[in-house]
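Below is one structure, written out as structure tokens; the observations come after it.
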Amino acid sequence: MRISASFLAKARANAEALMTDECTVVRPSGSVTDPATGEVKPASTQVYSGCCKVQTSGGLASENVEGSAAQSMGAVSLVWSLYIHFPFGTMLRNGDLVTVTKSANPELVGHRYRMISPQSEKSWATACRWNVKEDA
């Protein structure tokens with residue numbers, strides 16, 4: 001079966017229609033020193049502002065307890081995988097920082113995530129999907 005360019009364009013448009021959250025992505029670029037106070041702060045450059053979709057995986061990612069006090073007590077620490085989807089063609093990098101600025105879920109607004117690795121390496125990608133971790 002051959003997939004046409006128009007079919008792929010429609011699939012990408014459908015994927016983007018589900019991206020109802022909005023976010024800003026910045027790329028850390030060293031640090032700057034305030035000349036008046038001498039305070040050093042991280043510097044960054046905005047690389048994206050627009051629609052996205054925050055999503056968790058549908059199941060248990062791992063039991064992160066090996067070698068810990070929790071393991072010795074028999075506890076299980078649940079870890080969920082987090083993803084953020086961006087429109088196809090959005091050029092981002094590992095280490096970029098995402099801040100959710102608008103969402104139908106008010107609990108997501110203001111959350112910051114660090115981009116970990118892309119999940120879009122496929123022939124017929126319809127979105128740029130990234131593994132992310134909550135940034136403290």
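Naming scheme: A, B, ... for chains in displayed order of the structure tokens; residues 1 onward per chain; ligands 1 onward as shown.
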
Nearby residues (only C-alpha atoms) at most 12 Å from Leu92 (chain A), same-chain spacing under 3 positions excluded, as number ranges by chain | A: 24-27, 46-49, 84-89, 95-98, 114-120, 128-131

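The spacing separating CA of Ser81 (chain A) from CA of Thr101 (chain A) amounts to 20.8 Å.
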
For Cys52 (chain A): contacts at 9 Å, only C-alpha atoms, fewer than 2 positions along chain excluded, given as a PyMOL selection string | chain A and resi 16+18-23+50+54+84-87+100

Mind the document's chain letters and residue numbers, and return as a ChimeraX atom specification the residues of chain A that DSSP labels helix (DSSP H, G or I).
-> /A:5-17,69-72

Emit the selected residues as a PDB file, in the first residue's frame, including N, CA and C atoms.
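As written to disk, result-v9.pdb reads:
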ATOM      1  N   ALA A   5       0.691  11.775  -0.312  1.00  0.00           N
ATOM      2  CA  ALA A   5       1.058  13.000   0.410  1.00  0.00           C
ATOM      3  C   ALA A   5      -0.184  13.670   0.993  1.00  0.00           C
ATOM      4  N   SER A   6      -1.297  13.630   0.277  1.00  0.00           N
ATOM      5  CA  SER A   6      -2.515  14.271   0.787  1.00  0.00           C
ATOM      6  C   SER A   6      -3.079  13.523   1.993  1.00  0.00           C
ATOM      7  N   PHE A   7      -2.967  12.181   1.979  1.00  0.00           N
ATOM      8  CA  PHE A   7      -3.411  11.390   3.125  1.00  0.00           C
ATOM      9  C   PHE A   7      -2.566  11.717   4.353  1.00  0.00           C
ATOM     10  N   LEU A   8      -1.249  11.800   4.169  1.00  0.00           N
ATOM     11  CA  LEU A   8      -0.345  12.106   5.278  1.00  0.00           C
ATOM     12  C   LEU A   8      -0.598  13.516   5.810  1.00  0.00           C
ATOM     13  N   ALA A   9      -0.835  14.469   4.911  1.00  0.00           N
ATOM     14  CA  ALA A   9      -1.134  15.839   5.345  1.00  0.00           C
ATOM     15  C   ALA A   9      -2.413  15.873   6.181  1.00  0.00           C
ATOM     16  N   LYS A  10      -3.420  15.115   5.777  1.00  0.00           N
ATOM     17  CA  LYS A  10      -4.685  15.058   6.545  1.00  0.00           C
ATOM     18  C   LYS A  10      -4.448  14.418   7.906  1.00  0.00           C
ATOM     19  N   ALA A  11      -3.650  13.344   7.953  1.00  0.00           N
ATOM     20  CA  ALA A  11      -3.338  12.687   9.227  1.00  0.00           C
ATOM     21  C   ALA A  11      -2.600  13.641  10.163  1.00  0.00           C
ATOM     22  N   ARG A  12      -1.684  14.441   9.628  1.00  0.00           N
ATOM     23  CA  ARG A  12      -0.955  15.420  10.447  1.00  0.00           C
ATOM     24  C   ARG A  12      -1.889  16.511  10.949  1.00  0.00           C
ATOM     25  N   ALA A  13      -2.808  16.942  10.105  1.00  0.00           N
ATOM     26  CA  ALA A  13      -3.797  17.956  10.524  1.00  0.00           C
ATOM     27  C   ALA A  13      -4.695  17.396  11.622  1.00  0.00           C
ATOM     28  N   ASN A  14      -5.092  16.132  11.500  1.00  0.00           N
ATOM     29  CA  ASN A  14      -5.918  15.502  12.534  1.00  0.00           C
ATOM     30  C   ASN A  14      -5.164  15.401  13.850  1.00  0.00           C
ATOM     31  N   ALA A  15      -3.889  15.033  13.798  1.00  0.00           N
ATOM     32  CA  ALA A  15      -3.081  14.947  15.021  1.00  0.00           C
ATOM     33  C   ALA A  15      -2.960  16.329  15.668  1.00  0.00           C
ATOM     34  N   GLU A  16      -2.729  17.341  14.868  1.00  0.00           N
ATOM     35  CA  GLU A  16      -2.581  18.700  15.403  1.00  0.00           C
ATOM     36  C   GLU A  16      -3.890  19.217  15.997  1.00  0.00           C
ATOM     37  N   ALA A  17      -5.027  18.778  15.451  1.00  0.00           N
ATOM     38  CA  ALA A  17      -6.324  19.210  15.984  1.00  0.00           C
ATOM     39  C   ALA A  17      -6.523  18.747  17.423  1.00  0.00           C
ATOM     40  N   ALA A  69      15.378   2.309  50.391  1.00  0.00           N
ATOM     41  CA  ALA A  69      14.675   1.987  51.633  1.00  0.00           C
ATOM     42  C   ALA A  69      13.272   1.503  51.323  1.00  0.00           C
ATOM     43  N   ALA A  70      12.657   2.074  50.277  1.00  0.00           N
ATOM     44  CA  ALA A  70      11.309   1.656  49.895  1.00  0.00           C
ATOM     45  C   ALA A  70      11.289   0.181  49.510  1.00  0.00           C
ATOM     46  N   GLN A  71      12.359  -0.269  48.835  1.00  0.00           N
ATOM     47  CA  GLN A  71      12.417  -1.682  48.437  1.00  0.00           C
ATOM     48  C   GLN A  71      12.497  -2.575  49.661  1.00  0.00           C
ATOM     49  N   SER A  72      13.304  -2.178  50.632  1.00  0.00           N
ATOM     50  CA  SER A  72      13.457  -3.009  51.824  1.00  0.00           C
ATOM     51  C   SER A  72      12.156  -3.107  52.621  1.00  0.00           C
TER      52      SER A  72
END

Give the strand (DSSP E) residues of chain A, as DSSP finds them on the backbone, and put them as a ChimeraX atom specification.
-> /A:21-33,40-56,62-63,78-79,82-87,97-102,112-118,127-134

How far is it from CA of Ser29 (chain A) to CA of Gln55 (chain A), in Å with one decimal?
->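 Going from CA of Ser29 (chain A) over to CA of Gln55 (chain A) covers 27.3 Å.
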
Between CA of Gly110 (chain A) and CA of Thr56 (chain A) - distance in Å to one decimal = 17.0 Å

Can you tell me, as a PyMOL selection string, what residues are no more than 8 Å from Ser57 (chain A) when counting only C-alpha atoms, ignoring any on the same chain fewer than 6 positions away?
-> chain A and resi 80-83
